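Chemist: I'd like to ask you about the structure that follows.
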Amino acid sequence: MITTPEFQGTHLWDRLCWAKENLEGHQSDYRVVYEDSVDECAKILVPDPNWMACALQGGILPPVEVYWELAKDEAQPDFKKHTRGYLLHDTKPIGPLDEKSAIEYLIMKDCPQSVWRDYDSGNKPKLVICRKDQLPATREWRNAWKISEELSLTEKAA
Amino acid sequence: MALGKIKADTLEHSTAGSLDTSYVVNGSAKAWAHFDGTATASLDAGLNISSLTDVATGRFQHSFTNNMSDAFSAVGGTGSTDRLISLDTGTLATSSYTIETTNHDATFITSQYVTSAVHGDLA
């Protein structure tokens, strides 16, 4: 297995270029199905294979809290452009994750906080991690997909 | 990719003239993605993308690994034959962008071959 160079202080985009050249992409079998509005159909988050390779490798991606800080900045009414992008590049990168932990990181990065902060506290699940083969094989009635309320590992997730 | 650096403000060709390297830095795409939007969507290739979210028929959100500096990035894309690709400008952020695939009647529709590229400044 190739060793990740010491990347703290290296621009994150340069790290991603290194990873694309040196790491084999990893197509995850997992998907995240979530609902962030009762009026909308379920959304399905698909991990990028290059990103997943970075997460499994370790030493490349910043802690997820960095993205939360940037999101806070962007939510300010007078936001024009990021002034704390250095957080992405200068914060010590996280170590290697297993695939489950990488999916959890990705949920906290790319899903709305309102979905994952209290995902299991409502009357029905707002978020489900499932395998790709648990999703419908065709996109028929795609705009009506909802999370199955009686979900088990042997049933369809949406 | 070597981790050493070559610092130069200008590249000069022996006969064709010179080019300021800021053109290269500022003009390169900072993210791109290729995915199959049919059946269970999946990303086939890309750079600087952490995930694809299948939002609904013909609507797909891409999240950046390295955020853009502002929410004024230039996003372009292509789809399969007879498909139109457009940007959902209402959702453009420094962390993500959403593209829509429609037919000529502006009806959201699936597309097998969908690509997009993002130009702008990185955070």
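Naming works like this for the structure tokens: A, B, ... for the chains as they're shown, residue 1 at the start of each chain, ligands 1 onward in shown order.
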Using only C-alpha atoms, I'd like a table of the residues in chain B that come within 8 Å of chain A; for each, show the closest atom pair and its distance in Å rounded to one decimal, ordered by chain and ascending number, as CSV.

Modeler:
```
residue,atom,partner,partner_atom,distance
B:Met1,CA,A:Trp18,CA,5.7
B:Thr38,CA,A:Arg139,CA,7.1
B:Ala39,CA,A:Thr138,CA,4.7
B:Thr40,CA,A:Ala137,CA,6.4
B:Ala41,CA,A:Val46,CA,7.6
B:Ser42,CA,A:Val46,CA,6.5
B:Leu43,CA,A:Asp48,CA,6.0
B:Asp44,CA,A:Pro49,CA,7.8
B:Ala45,CA,A:Pro49,CA,7.7
B:Gly46,CA,A:Asn50,CA,7.6
B:Leu47,CA,A:Leu16,CA,7.4
B:Asn48,CA,A:Leu16,CA,6.6
B:Ile49,CA,A:Asp48,CA,6.4
B:Ser50,CA,A:Trp51,CA,5.2
B:Ser51,CA,A:Pro47,CA,4.5
B:Leu52,CA,A:Val46,CA,5.1
B:Thr53,CA,A:Leu45,CA,4.3
B:Asp54,CA,A:Ile44,CA,5.0
B:Val55,CA,A:Lys43,CA,4.8
B:Ala56,CA,A:Asn143,CA,5.6
B:Thr57,CA,A:Arg142,CA,6.0
B:Ser63,CA,A:Asp110,CA,6.6
B:Thr65,CA,A:Trp51,CA,7.6
B:Asn66,CA,A:Trp13,CA,6.2
B:Asn67,CA,A:Gly85,CA,8.0
B:Ser69,CA,A:His82,CA,5.2
B:Asp70,CA,A:Lys81,CA,4.5
B:Ala71,CA,A:Lys81,CA,7.6
B:Thr94,CA,A:Glu74,CA,7.8
B:Ser95,CA,A:Ala71,CA,8.0
B:Ala123,CA,A:Gly85,CA,4.6
```

Chemist: Just asking: which residues within region 109-158 of chain A are strand (DSSP E or B) according to DSSP, as number ranges by chain?

Modeler: A: 127-131

Chemist: So that I have them on file, write out the residues from the current selection with C-alpha atoms, as a compact mmCIF listing (two decimals), in the first residue's frame.

Modeler:
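And here's part13.txt as it stands now:
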```txt
# COMPACT_ATOMS: atom_id res chain seq x y z
CA LEU A 127 -32.00 8.56 7.02
CA VAL A 128 -31.03 5.01 6.11
CA ILE A 129 -27.71 3.54 5.04
CA CYS A 130 -28.33 0.67 2.66
CA ARG A 131 -26.69 -1.36 -0.04
```

Chemist: When distances are computed from only C-alpha atoms, which of A:Asp29, A:Asp90, A:Glu24, A:Asp39 shows the smallest separation from Pro63 (chain A)?

Modeler: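 Going through A:Asp29, A:Asp90, A:Glu24, A:Asp39 one by one, the smallest distance to Pro63 (chain A) is for A:Asp90.
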
Chemist: Can you write out as a Markdown table which residues of region 8-86 of chain B fall within 6 Å of region 96-102 of chain B, alongside each residue's closest atom pair and its distance in Å to one decimal, counting only C-alpha atoms and ordering rows by chain and ascending residue number?

Modeler:
```
| residue | atom | partner | partner_atom | distance |
| --- | --- | --- | --- | --- |
| B:Gly58 | CA | B:Thr101 | CA | 4.7 |
| B:Arg59 | CA | B:Glu100 | CA | 4.6 |
| B:Phe60 | CA | B:Thr98 | CA | 5.4 |
| B:Gln61 | CA | B:Thr98 | CA | 4.0 |
| B:His62 | CA | B:Ser96 | CA | 5.4 |
| B:Ser63 | CA | B:Ser96 | CA | 4.2 |
| B:Phe64 | CA | B:Ser96 | CA | 5.7 |
| B:Arg83 | CA | B:Thr102 | CA | 5.7 |
| B:Leu84 | CA | B:Thr102 | CA | 5.2 |
| B:Ile85 | CA | B:Thr101 | CA | 4.8 |
| B:Ser86 | CA | B:Glu100 | CA | 5.2 |
```

Chemist: Could you give me the residues within region 2-68 of chain B that DSSP places in alpha helix (DSSP H), as a VMD selection string?

Modeler: chain B and resid 21 to 27

Chemist: Could you write out that same residue set with C-alpha atoms as a compact mmCIF listing (two decimals), in the first residue's frame?

Modeler:
```txt
# COMPACT_ATOMS: atom_id res chain seq x y z
CA THR B 21 0.83 30.91 -15.61
CA SER B 22 -2.08 32.65 -13.92
CA TYR B 23 -4.07 31.70 -17.03
CA VAL B 24 -3.35 28.05 -16.26
CA VAL B 25 -4.13 28.33 -12.55
CA ASN B 26 -7.29 30.39 -12.96
CA GLY B 27 -8.49 28.76 -16.16
```
